[in-house]
Amino acid sequence: MATKNIKQTSHLNNIAIIGAGASGLYCAILLAKSDFNVTVYEKNTKIGRKILATGNGRCNISNTDISSDCYHSINPDFTKYILDKFSYPTFKKEFEKIGFSFIEQPNGKVFPSSAQSSSVVKLLEYEAKELGIRFILDTNITNIDFEQNYFNIYYNNQKQPYDKVIISTGSYAMPKLGSSNSGYKFAQNFGHNIIEPFASLVQLETYDNTKSLSGVKINSTAQVFIDKELTTQKNGDILFTDYGISGNAILDISRDIAYALQYQQKVIVQIDILPHLSKDKLLNLLQYRLKTANNKDRYLWLESLFHTKLIKYIVDKTIDKRKKLAKDLSKKDIMSLVYNLKNFQLNIEKTKGFNTAEVVAGGVDTYEIDNKSMQSKLQKNLYFTGEVVDVDGDCGGYNLHWAFATAYICATSITK
Ligand SMILES: Cc1cc2nc3c(=O)[nH]c(=O)nc-3n(C[C@H](O)[C@H](O)[C@H](O)COP(=O)(O)OP(=O)(O)OC[C@H]3O[C@@H](n4cnc5c(N)ncnc54)[C@H](O)[C@@H]3O)c2cc1C
């Protein structure tokens with residue numbers, strides 16, 4: 001990448017950023033705009049690799065409804081100042097200056113108008129090139145330490161001195177995209193506590209065998225019961241897979257579930273297979289269909305009401321195998337069928353883990369970071385941005401917004 005000569009205006013302007021993801025890139029751009037001499041280290045051969053994968057390639061970049069309620073941390077007060085300073089209107093204004101155009105969906109999700117995550121990387125990359133930011137790609141930083149008045153960055157048997165270091169290494173969600181736990185290790189070297197990381201916005205594996213349902217997608221509400229108590233519910237797409245369940249509604253409930261599973265709690269996800277029909281309406285409808293079923297078999301009389309694969313699964317789960325025809329079914333069978341359709345339950349064994357998670361909850365303890373600057377309270381001139389800190393957002397553009405917001409707070413505190 002081209003390098004423009006930037007004057008080093010003071011010895012404290014020599015800054016290393018570890019990680020060219022969403023937060024590292026944006027932070028570098030803001031600092032370079034104020035003539036700081038920035039070097040960005042990235043272990044991948046290209047910048048912004050995870051951004052490309054976001055929103056199924058469409059990049060759900062922010063949300064019109066940004067508030068602390070959409071974020072999780074053991075320190076819930078940490079996010080407010082940051083999100084007030086970098087609200088959605090501020091994000092929009094700042095990114096429009098870089099050339100972005102957005103589409104705001106009625107549900108609040110914001111995408112680039114192109115609906116292409118590649119546009120996001122292209123525009124940030126162009127801006128970085130124009131500003132002459134120095135990128136050292138294909139380079140894994142293995143250690144950071146502090147000696148007298150400066151930091152050493154270690155890689156490929158070399159070390160480089162810097163006045164300030166910004167750790168923007170993300171979490172280890174989806175390691176195939178470059179994610180690593182090195183940010184946590186660097187933080188620990190400086191005495192930071194790490195809140196135990198766990199996978200969030202992640203698919204769920206069930207004890208129940210769902211192989212025969214693989215590929216079925218419905219739009220409904222997924223309710224979470226933890227130790228028999230209803231704790232949360234989300235509406236959206238639910239996709240059955242050969243390992244369990246996925247889809248927007250499932251990613252939305254996965255954080256609470258992952259947390260509960262850590263403590264060996266019993267988790268059940270309950271799904272209403274026919275949400276558009278009340279219990280009574282469904283009962284009446286099934287009774288009517290049964291009357292006109294003639295010689296249809298135990299599955300065919302339900303055909304077209306819901307997915308064929310679900311018909312077989314639920315009928316076999318509910319009704320005695322010896323009852324081969326619809327006309328063999330009793331009133332009690334129909335009542336059980338209604339119950340299982342309205343309260344379809346899956347027992348959750350575990351999440352799919354870090355390899356497929358979109359986000360990791362936990363990270364660098366926010367009680368040890370100043371939220372007005374993202375500077376470490378334990379080591380002067382050491383900063384953290386993005387997902388490496390113990391803050392994770394809901395599904396809906398909140399995590400990228402967080403990456404950009406923390407980059408903004410960090411850069412504006414350094415440049416003022
Ligand atoms: C499949 C998927 C889809 C997603 N979709 C969305 C979405 O639509 N909307 C949303 O808001 N969020 C989404 N997210 C989450 C979002 O992408 C992240 O929260 C966000 O990218 C975090 O930004 P970051 O800068 O903290 O880390 P990252 O973007 O992960 O960047 C960290 C960078 O640091 C580099 N790095 C790590 N360790 C080292 C090291 N030791 N040396 C050098 N470089 C290193 C990594 O290679 C990486 O490039 C998605 C995540 C995934 C995995």
# chains A, B, ... in the order shown; residues from 1 in each chain; ligands from 1
call {"tool": "residues_near_ligand", "arguments": {"ligand": "ligand 1", "cutoff": "6 Å", "atoms": "only C-alpha atoms and all ligand atoms", "output": "ChimeraX atom specification"}}
result
/A:18-24,41-44,48-51,53-55,59-61,139-142,168-170,173-174,178-180,182,358-359,386-388,396-401,403
call {"tool": "residues_around", "arguments": {"residues": "Trp301 (chain A)", "least_positions_apart": "4", "cutoff": "8 Å", "atoms": "only C-alpha atoms", "output": "MDAnalysis selection string"}}
result
chainID A and resid 289:290 293 296:297 326
call {"tool": "write_last_selection", "arguments": {"atoms": "all heavy atoms", "output": "PDB file, in the first residue's frame"}}
result
ATOM      1  N   ARG A 289     -60.280 -30.376   9.017  1.00  0.00           N
ATOM      2  CA  ARG A 289     -59.484 -31.120   8.020  1.00  0.00           C
ATOM      3  C   ARG A 289     -59.647 -32.627   8.222  1.00  0.00           C
ATOM      4  O   ARG A 289     -59.666 -33.399   7.261  1.00  0.00           O
ATOM      5  CB  ARG A 289     -58.003 -30.740   8.112  1.00  0.00           C
ATOM      6  CG  ARG A 289     -57.710 -29.333   7.605  1.00  0.00           C
ATOM      7  CD  ARG A 289     -56.252 -28.984   7.780  1.00  0.00           C
ATOM      8  NE  ARG A 289     -55.400 -29.594   6.775  1.00  0.00           N
ATOM      9  CZ  ARG A 289     -54.781 -28.938   5.806  1.00  0.00           C
ATOM     10  NH1 ARG A 289     -54.915 -27.637   5.705  1.00  0.00           N
ATOM     11  NH2 ARG A 289     -54.020 -29.574   4.935  1.00  0.00           N
ATOM     12  N   LEU A 290     -59.730 -33.031   9.480  1.00  0.00           N
ATOM     13  CA  LEU A 290     -59.839 -34.454   9.796  1.00  0.00           C
ATOM     14  C   LEU A 290     -61.153 -35.031   9.234  1.00  0.00           C
ATOM     15  O   LEU A 290     -61.172 -36.140   8.699  1.00  0.00           O
ATOM     16  CB  LEU A 290     -59.786 -34.622  11.313  1.00  0.00           C
ATOM     17  CG  LEU A 290     -59.422 -36.008  11.821  1.00  0.00           C
ATOM     18  CD1 LEU A 290     -58.039 -36.417  11.334  1.00  0.00           C
ATOM     19  CD2 LEU A 290     -59.414 -36.008  13.357  1.00  0.00           C
ATOM     20  N   ALA A 293     -60.762 -35.756   5.603  1.00  0.00           N
ATOM     21  CA  ALA A 293     -59.490 -36.415   5.250  1.00  0.00           C
ATOM     22  C   ALA A 293     -59.693 -37.733   4.495  1.00  0.00           C
ATOM     23  O   ALA A 293     -58.786 -38.210   3.808  1.00  0.00           O
ATOM     24  CB  ALA A 293     -58.672 -36.663   6.512  1.00  0.00           C
ATOM     25  N   LYS A 296     -56.788 -40.323   3.590  1.00  0.00           N
ATOM     26  CA  LYS A 296     -55.433 -39.743   3.618  1.00  0.00           C
ATOM     27  C   LYS A 296     -54.651 -40.344   4.785  1.00  0.00           C
ATOM     28  O   LYS A 296     -55.237 -40.634   5.847  1.00  0.00           O
ATOM     29  CB  LYS A 296     -55.501 -38.223   3.779  1.00  0.00           C
ATOM     30  CG  LYS A 296     -55.906 -37.517   2.482  1.00  0.00           C
ATOM     31  CD  LYS A 296     -55.976 -36.014   2.668  1.00  0.00           C
ATOM     32  CE  LYS A 296     -56.382 -35.339   1.368  1.00  0.00           C
ATOM     33  NZ  LYS A 296     -56.985 -34.030   1.580  1.00  0.00           N
ATOM     34  N   ASP A 297     -53.340 -40.507   4.595  1.00  0.00           N
ATOM     35  CA  ASP A 297     -52.550 -41.109   5.677  1.00  0.00           C
ATOM     36  C   ASP A 297     -52.280 -40.083   6.788  1.00  0.00           C
ATOM     37  O   ASP A 297     -52.699 -38.922   6.686  1.00  0.00           O
ATOM     38  CB  ASP A 297     -51.263 -41.774   5.139  1.00  0.00           C
ATOM     39  CG  ASP A 297     -50.230 -40.786   4.651  1.00  0.00           C
ATOM     40  OD1 ASP A 297     -50.237 -39.634   5.122  1.00  0.00           O
ATOM     41  OD2 ASP A 297     -49.405 -41.159   3.791  1.00  0.00           O
ATOM     42  N   ALA A 326     -55.400 -40.899   8.841  1.00  0.00           N
ATOM     43  CA  ALA A 326     -55.936 -39.738   9.570  1.00  0.00           C
ATOM     44  C   ALA A 326     -57.155 -40.142  10.384  1.00  0.00           C
ATOM     45  O   ALA A 326     -57.339 -39.701  11.514  1.00  0.00           O
ATOM     46  CB  ALA A 326     -56.287 -38.638   8.582  1.00  0.00           C
TER      47      ALA A 326
END
call {"tool": "select_by_dssp", "arguments": {"residues": "region 274-394 of chain A", "states": "strand (DSSP E)", "output": "list in words"}}
result
Phe344, Gln345, Leu346, Asn347, Ile348, Glu349, Lys350, Thr351, Val359, Val360, Ala361, Gly362, Gly363, Val364, Ile369, Asp370, Gln375, Ser376, Leu382, Tyr383, Phe384, Asp392 and Gly393 of chain A
call {"tool": "closest_residue", "arguments": {"among": "A:Thr415, A:Asn295, A:Gln148, A:Asn143", "to": "Asp328 (chain A)", "atoms": "only C-alpha atoms"}}
result
A:Asn295
call {"tool": "select_by_dssp", "arguments": {"residues": "region 115-254 of chain A", "states": "helix (DSSP H, G or I)", "output": "VMD selection string"}}
result
chain A and resid 117 to 130 175 to 177 182 to 189 211 to 213 248 to 254
call {"tool": "residues_around", "arguments": {"residues": "region 65-69 of chain A", "least_positions_apart": "3", "cutoff": "8 Å", "atoms": "only C-alpha atoms", "output": "ChimeraX atom specification"}}
result
/A:72,76,79-80,83,87-88,108,398
call {"tool": "write_last_selection", "arguments": {"atoms": "N, CA and C atoms", "output": "PDB file, in the first residue's frame"}}
result
ATOM      1  N   HIS A  72     -24.021  -5.395  26.024  1.00  0.00           N
ATOM      2  CA  HIS A  72     -23.856  -6.193  27.246  1.00  0.00           C
ATOM      3  C   HIS A  72     -22.406  -6.126  27.717  1.00  0.00           C
ATOM      4  N   PRO A  76     -22.266  -2.158  32.935  1.00  0.00           N
ATOM      5  CA  PRO A  76     -23.264  -1.623  31.997  1.00  0.00           C
ATOM      6  C   PRO A  76     -23.168  -0.116  31.777  1.00  0.00           C
ATOM      7  N   THR A  79     -20.832   1.948  28.411  1.00  0.00           N
ATOM      8  CA  THR A  79     -21.105   2.261  27.001  1.00  0.00           C
ATOM      9  C   THR A  79     -21.766   3.628  26.793  1.00  0.00           C
ATOM     10  N   LYS A  80     -22.472   4.142  27.808  1.00  0.00           N
ATOM     11  CA  LYS A  80     -23.353   5.305  27.596  1.00  0.00           C
ATOM     12  C   LYS A  80     -22.615   6.515  27.018  1.00  0.00           C
ATOM     13  N   LEU A  83     -21.586   5.931  23.375  1.00  0.00           N
ATOM     14  CA  LEU A  83     -22.679   5.912  22.401  1.00  0.00           C
ATOM     15  C   LEU A  83     -23.367   7.279  22.296  1.00  0.00           C
ATOM     16  N   SER A  87     -23.270   8.766  18.319  1.00  0.00           N
ATOM     17  CA  SER A  87     -24.641   8.303  18.106  1.00  0.00           C
ATOM     18  C   SER A  87     -24.791   7.899  16.636  1.00  0.00           C
ATOM     19  N   TYR A  88     -25.980   7.426  16.265  1.00  0.00           N
ATOM     20  CA  TYR A  88     -26.181   7.089  14.854  1.00  0.00           C
ATOM     21  C   TYR A  88     -26.029   8.320  13.951  1.00  0.00           C
ATOM     22  N   GLY A 108     -34.729  -0.586  11.717  1.00  0.00           N
ATOM     23  CA  GLY A 108     -33.596   0.138  12.290  1.00  0.00           C
ATOM     24  C   GLY A 108     -32.240  -0.269  11.717  1.00  0.00           C
ATOM     25  N   TYR A 398     -25.120  -3.428  15.651  1.00  0.00           N
ATOM     26  CA  TYR A 398     -24.611  -2.833  16.894  1.00  0.00           C
ATOM     27  C   TYR A 398     -23.117  -3.099  17.114  1.00  0.00           C
TER      28      TYR A 398
END
call {"tool": "atom_distance", "arguments": {"atom1": "CA of Ile166 (chain A)", "atom2": "CA of Gln375 (chain A)"}}
result
8.6 Å
call {"tool": "residues_around", "arguments": {"residues": "region 267-281 of chain A", "least_positions_apart": "5", "cutoff": "10 Å", "atoms": "only C-alpha atoms", "output": "tab-separated table (two decimals) with C-alpha atoms, in the first residue's frame"}}
result
chain	number	residue	atom	x	y	z
A	204	LEU	CA	-27.29	-23.77	18.66
A	206	THR	CA	-29.68	-29.60	20.17
A	218	ILE	CA	-40.04	-20.56	9.36
A	219	ASN	CA	-40.76	-17.07	10.66
A	220	SER	CA	-41.85	-17.26	14.25
A	221	THR	CA	-41.04	-16.51	17.87
A	222	ALA	CA	-38.34	-18.46	19.70
A	223	GLN	CA	-38.85	-18.52	23.46
A	224	VAL	CA	-36.02	-19.39	25.85
A	225	PHE	CA	-36.71	-21.38	29.02
A	226	ILE	CA	-33.77	-21.56	31.41
A	227	ASP	CA	-34.34	-24.04	34.23
A	228	LYS	CA	-38.05	-24.00	33.21
A	229	GLU	CA	-38.37	-20.19	33.46
A	230	LEU	CA	-39.20	-18.09	30.39
A	232	THR	CA	-36.43	-14.09	26.72
A	233	GLN	CA	-38.13	-14.35	23.34
A	235	ASN	CA	-39.16	-13.02	16.61
A	238	ILE	CA	-35.69	-19.82	12.46
A	245	ILE	CA	-31.15	-24.38	14.90
A	250	ILE	CA	-31.83	-17.88	17.18
A	253	ILE	CA	-31.43	-15.42	21.80
A	256	ASP	CA	-28.54	-15.67	27.08
A	257	ILE	CA	-28.36	-19.35	26.21
A	258	ALA	CA	-24.55	-19.44	25.91
A	260	ALA	CA	-26.73	-20.20	30.94
A	261	LEU	CA	-24.97	-23.22	29.43
A	286	LEU	CA	-57.51	-29.58	12.41
A	287	GLN	CA	-60.92	-30.96	13.36
A	305	LEU	CA	-50.56	-26.43	6.33
A	306	PHE	CA	-46.87	-26.43	7.27
A	307	HIS	CA	-43.62	-27.87	5.92
A	310	LEU	CA	-42.08	-30.76	10.06
A	335	MET	CA	-55.20	-31.95	21.18
A	338	VAL	CA	-52.10	-28.68	18.67
A	339	TYR	CA	-50.03	-28.51	21.85
A	340	ASN	CA	-46.82	-29.68	20.15
A	341	LEU	CA	-47.32	-27.34	17.19
A	342	LYS	CA	-47.81	-24.33	19.43
A	343	ASN	CA	-45.09	-25.40	21.90
A	344	PHE	CA	-42.49	-27.17	19.76
A	345	GLN	CA	-39.56	-27.76	22.11
A	346	LEU	CA	-35.89	-28.38	21.47
A	347	ASN	CA	-33.38	-29.17	24.22
A	348	ILE	CA	-30.19	-27.17	23.74
A	349	GLU	CA	-26.92	-29.02	24.26
A	350	LYS	CA	-24.34	-26.35	23.35
call {"tool": "atom_distance", "arguments": {"atom1": "CA of Gly132 (chain A)", "atom2": "CA of Asn371 (chain A)"}}
result
28.5 Å
call {"tool": "residues_around", "arguments": {"residues": "Ala199 (chain A)", "least_positions_apart": "2", "cutoff": "6 Å", "atoms": "only C-alpha atoms", "output": "mmCIF file with C-alpha atoms, in the first residue's frame"}}
result
data_model
loop_
_atom_site.group_PDB
_atom_site.id
_atom_site.type_symbol
_atom_site.label_atom_id
_atom_site.label_comp_id
_atom_site.auth_asym_id
_atom_site.auth_seq_id
_atom_site.Cartn_x
_atom_site.Cartn_y
_atom_site.Cartn_z
ATOM 1 C CA GLY A 353 -18.761 -22.185 19.549
ATOM 2 C CA PHE A 354 -16.165 -19.625 18.540
ATOM 3 C CA ALA A 357 -19.937 -17.190 16.291
ATOM 4 C CA VAL A 360 -17.542 -12.972 21.456
#
call {"tool": "closest_residue", "arguments": {"among": "A:Cys410, A:Leu282, A:Leu124, A:Ile74", "to": "Leu31 (chain A)", "atoms": "only C-alpha atoms"}}
result
A:Cys410
call {"tool": "residues_around", "arguments": {"residues": "region 159-164 of chain A", "least_positions_apart": "5", "cutoff": "7 Å", "atoms": "only C-alpha atoms", "output": "ChimeraX atom specification"}}
result
/A:12-16,150-154,381-382
call {"tool": "closest_residue", "arguments": {"among": "A:Val40, A:Val202, A:Leu285, A:Ala28", "to": "Ile334 (chain A)", "atoms": "only C-alpha atoms"}}
result
A:Leu285
call {"tool": "residues_around", "arguments": {"residues": "Thr318 (chain A)", "least_positions_apart": "2", "cutoff": "8 Å", "atoms": "only C-alpha atoms", "output": "count of residues only"}}
result
8
call {"tool": "atom_distance", "arguments": {"atom1": "CA of Lys129 (chain A)", "atom2": "CA of Leu25 (chain A)"}}
result
11.1 Å
call {"tool": "decode", "arguments": {"residues": "region 291-310 of chain A", "atoms": "N, CA, C and O atoms", "output": "PDB file, in the first residue's frame"}}
result
ATOM      1  N   LYS A 291     -62.212 -34.210   9.336  1.00  0.00           N
ATOM      2  CA  LYS A 291     -63.531 -34.676   8.857  1.00  0.00           C
ATOM      3  C   LYS A 291     -63.507 -34.949   7.355  1.00  0.00           C
ATOM      4  O   LYS A 291     -64.215 -35.804   6.857  1.00  0.00           O
ATOM      5  N   THR A 292     -62.685 -34.157   6.626  1.00  0.00           N
ATOM      6  CA  THR A 292     -62.674 -34.284   5.160  1.00  0.00           C
ATOM      7  C   THR A 292     -61.452 -35.069   4.678  1.00  0.00           C
ATOM      8  O   THR A 292     -61.119 -35.057   3.500  1.00  0.00           O
ATOM      9  N   ALA A 293     -60.762 -35.756   5.603  1.00  0.00           N
ATOM     10  CA  ALA A 293     -59.490 -36.415   5.250  1.00  0.00           C
ATOM     11  C   ALA A 293     -59.693 -37.733   4.495  1.00  0.00           C
ATOM     12  O   ALA A 293     -58.786 -38.210   3.808  1.00  0.00           O
ATOM     13  N   ASN A 294     -60.864 -38.340   4.593  1.00  0.00           N
ATOM     14  CA  ASN A 294     -61.146 -39.645   3.964  1.00  0.00           C
ATOM     15  C   ASN A 294     -60.034 -40.642   4.260  1.00  0.00           C
ATOM     16  O   ASN A 294     -59.747 -40.920   5.402  1.00  0.00           O
ATOM     17  N   ASN A 295     -59.369 -41.129   3.164  1.00  0.00           N
ATOM     18  CA  ASN A 295     -58.345 -42.165   3.384  1.00  0.00           C
ATOM     19  C   ASN A 295     -56.915 -41.630   3.398  1.00  0.00           C
ATOM     20  O   ASN A 295     -55.958 -42.384   3.192  1.00  0.00           O
ATOM     21  N   LYS A 296     -56.788 -40.323   3.590  1.00  0.00           N
ATOM     22  CA  LYS A 296     -55.433 -39.743   3.618  1.00  0.00           C
ATOM     23  C   LYS A 296     -54.651 -40.344   4.785  1.00  0.00           C
ATOM     24  O   LYS A 296     -55.237 -40.634   5.847  1.00  0.00           O
ATOM     25  N   ASP A 297     -53.340 -40.507   4.595  1.00  0.00           N
ATOM     26  CA  ASP A 297     -52.550 -41.109   5.677  1.00  0.00           C
ATOM     27  C   ASP A 297     -52.280 -40.083   6.788  1.00  0.00           C
ATOM     28  O   ASP A 297     -52.699 -38.922   6.686  1.00  0.00           O
ATOM     29  N   ARG A 298     -51.572 -40.529   7.835  1.00  0.00           N
ATOM     30  CA  ARG A 298     -51.413 -39.695   9.038  1.00  0.00           C
ATOM     31  C   ARG A 298     -50.638 -38.401   8.799  1.00  0.00           C
ATOM     32  O   ARG A 298     -50.663 -37.494   9.627  1.00  0.00           O
ATOM     33  N   TYR A 299     -49.931 -38.325   7.641  1.00  0.00           N
ATOM     34  CA  TYR A 299     -49.181 -37.101   7.311  1.00  0.00           C
ATOM     35  C   TYR A 299     -49.933 -36.255   6.266  1.00  0.00           C
ATOM     36  O   TYR A 299     -50.008 -35.030   6.376  1.00  0.00           O
ATOM     37  N   LEU A 300     -50.482 -36.942   5.255  1.00  0.00           N
ATOM     38  CA  LEU A 300     -51.042 -36.232   4.089  1.00  0.00           C
ATOM     39  C   LEU A 300     -52.188 -35.280   4.456  1.00  0.00           C
ATOM     40  O   LEU A 300     -52.348 -34.230   3.825  1.00  0.00           O
ATOM     41  N   TRP A 301     -52.963 -35.599   5.469  1.00  0.00           N
ATOM     42  CA  TRP A 301     -54.099 -34.720   5.809  1.00  0.00           C
ATOM     43  C   TRP A 301     -53.635 -33.349   6.334  1.00  0.00           C
ATOM     44  O   TRP A 301     -54.401 -32.392   6.380  1.00  0.00           O
ATOM     45  N   LEU A 302     -52.317 -33.247   6.660  1.00  0.00           N
ATOM     46  CA  LEU A 302     -51.789 -31.950   7.135  1.00  0.00           C
ATOM     47  C   LEU A 302     -51.012 -31.212   6.037  1.00  0.00           C
ATOM     48  O   LEU A 302     -50.576 -30.080   6.226  1.00  0.00           O
ATOM     49  N   GLU A 303     -50.851 -31.896   4.876  1.00  0.00           N
ATOM     50  CA  GLU A 303     -50.030 -31.338   3.796  1.00  0.00           C
ATOM     51  C   GLU A 303     -50.517 -29.938   3.413  1.00  0.00           C
ATOM     52  O   GLU A 303     -51.728 -29.701   3.333  1.00  0.00           O
ATOM     53  N   SER A 304     -49.576 -29.053   3.208  1.00  0.00           N
ATOM     54  CA  SER A 304     -49.762 -27.639   2.803  1.00  0.00           C
ATOM     55  C   SER A 304     -50.031 -26.704   3.989  1.00  0.00           C
ATOM     56  O   SER A 304     -49.953 -25.499   3.851  1.00  0.00           O
ATOM     57  N   LEU A 305     -50.329 -27.288   5.166  1.00  0.00           N
ATOM     58  CA  LEU A 305     -50.561 -26.429   6.331  1.00  0.00           C
ATOM     59  C   LEU A 305     -49.233 -25.934   6.900  1.00  0.00           C
ATOM     60  O   LEU A 305     -49.092 -24.781   7.296  1.00  0.00           O
ATOM     61  N   PHE A 306     -48.240 -26.821   6.916  1.00  0.00           N
ATOM     62  CA  PHE A 306     -46.873 -26.430   7.272  1.00  0.00           C
ATOM     63  C   PHE A 306     -45.914 -27.390   6.579  1.00  0.00           C
ATOM     64  O   PHE A 306     -46.350 -28.307   5.869  1.00  0.00           O
ATOM     65  N   HIS A 307     -44.607 -27.164   6.740  1.00  0.00           N
ATOM     66  CA  HIS A 307     -43.622 -27.873   5.917  1.00  0.00           C
ATOM     67  C   HIS A 307     -43.698 -29.404   6.089  1.00  0.00           C
ATOM     68  O   HIS A 307     -43.823 -29.917   7.205  1.00  0.00           O
ATOM     69  N   THR A 308     -43.609 -30.104   4.960  1.00  0.00           N
ATOM     70  CA  THR A 308     -43.705 -31.572   4.940  1.00  0.00           C
ATOM     71  C   THR A 308     -42.755 -32.233   5.951  1.00  0.00           C
ATOM     72  O   THR A 308     -43.129 -33.196   6.629  1.00  0.00           O
ATOM     73  N   LYS A 309     -41.520 -31.704   6.040  1.00  0.00           N
ATOM     74  CA  LYS A 309     -40.542 -32.317   6.953  1.00  0.00           C
ATOM     75  C   LYS A 309     -40.989 -32.152   8.411  1.00  0.00           C
ATOM     76  O   LYS A 309     -40.788 -33.034   9.229  1.00  0.00           O
ATOM     77  N   LEU A 310     -41.602 -30.998   8.691  1.00  0.00           N
ATOM     78  CA  LEU A 310     -42.084 -30.761  10.064  1.00  0.00           C
ATOM     79  C   LEU A 310     -43.311 -31.621  10.360  1.00  0.00           C
ATOM     80  O   LEU A 310     -43.501 -32.095  11.481  1.00  0.00           O
TER      81      LEU A 310
END
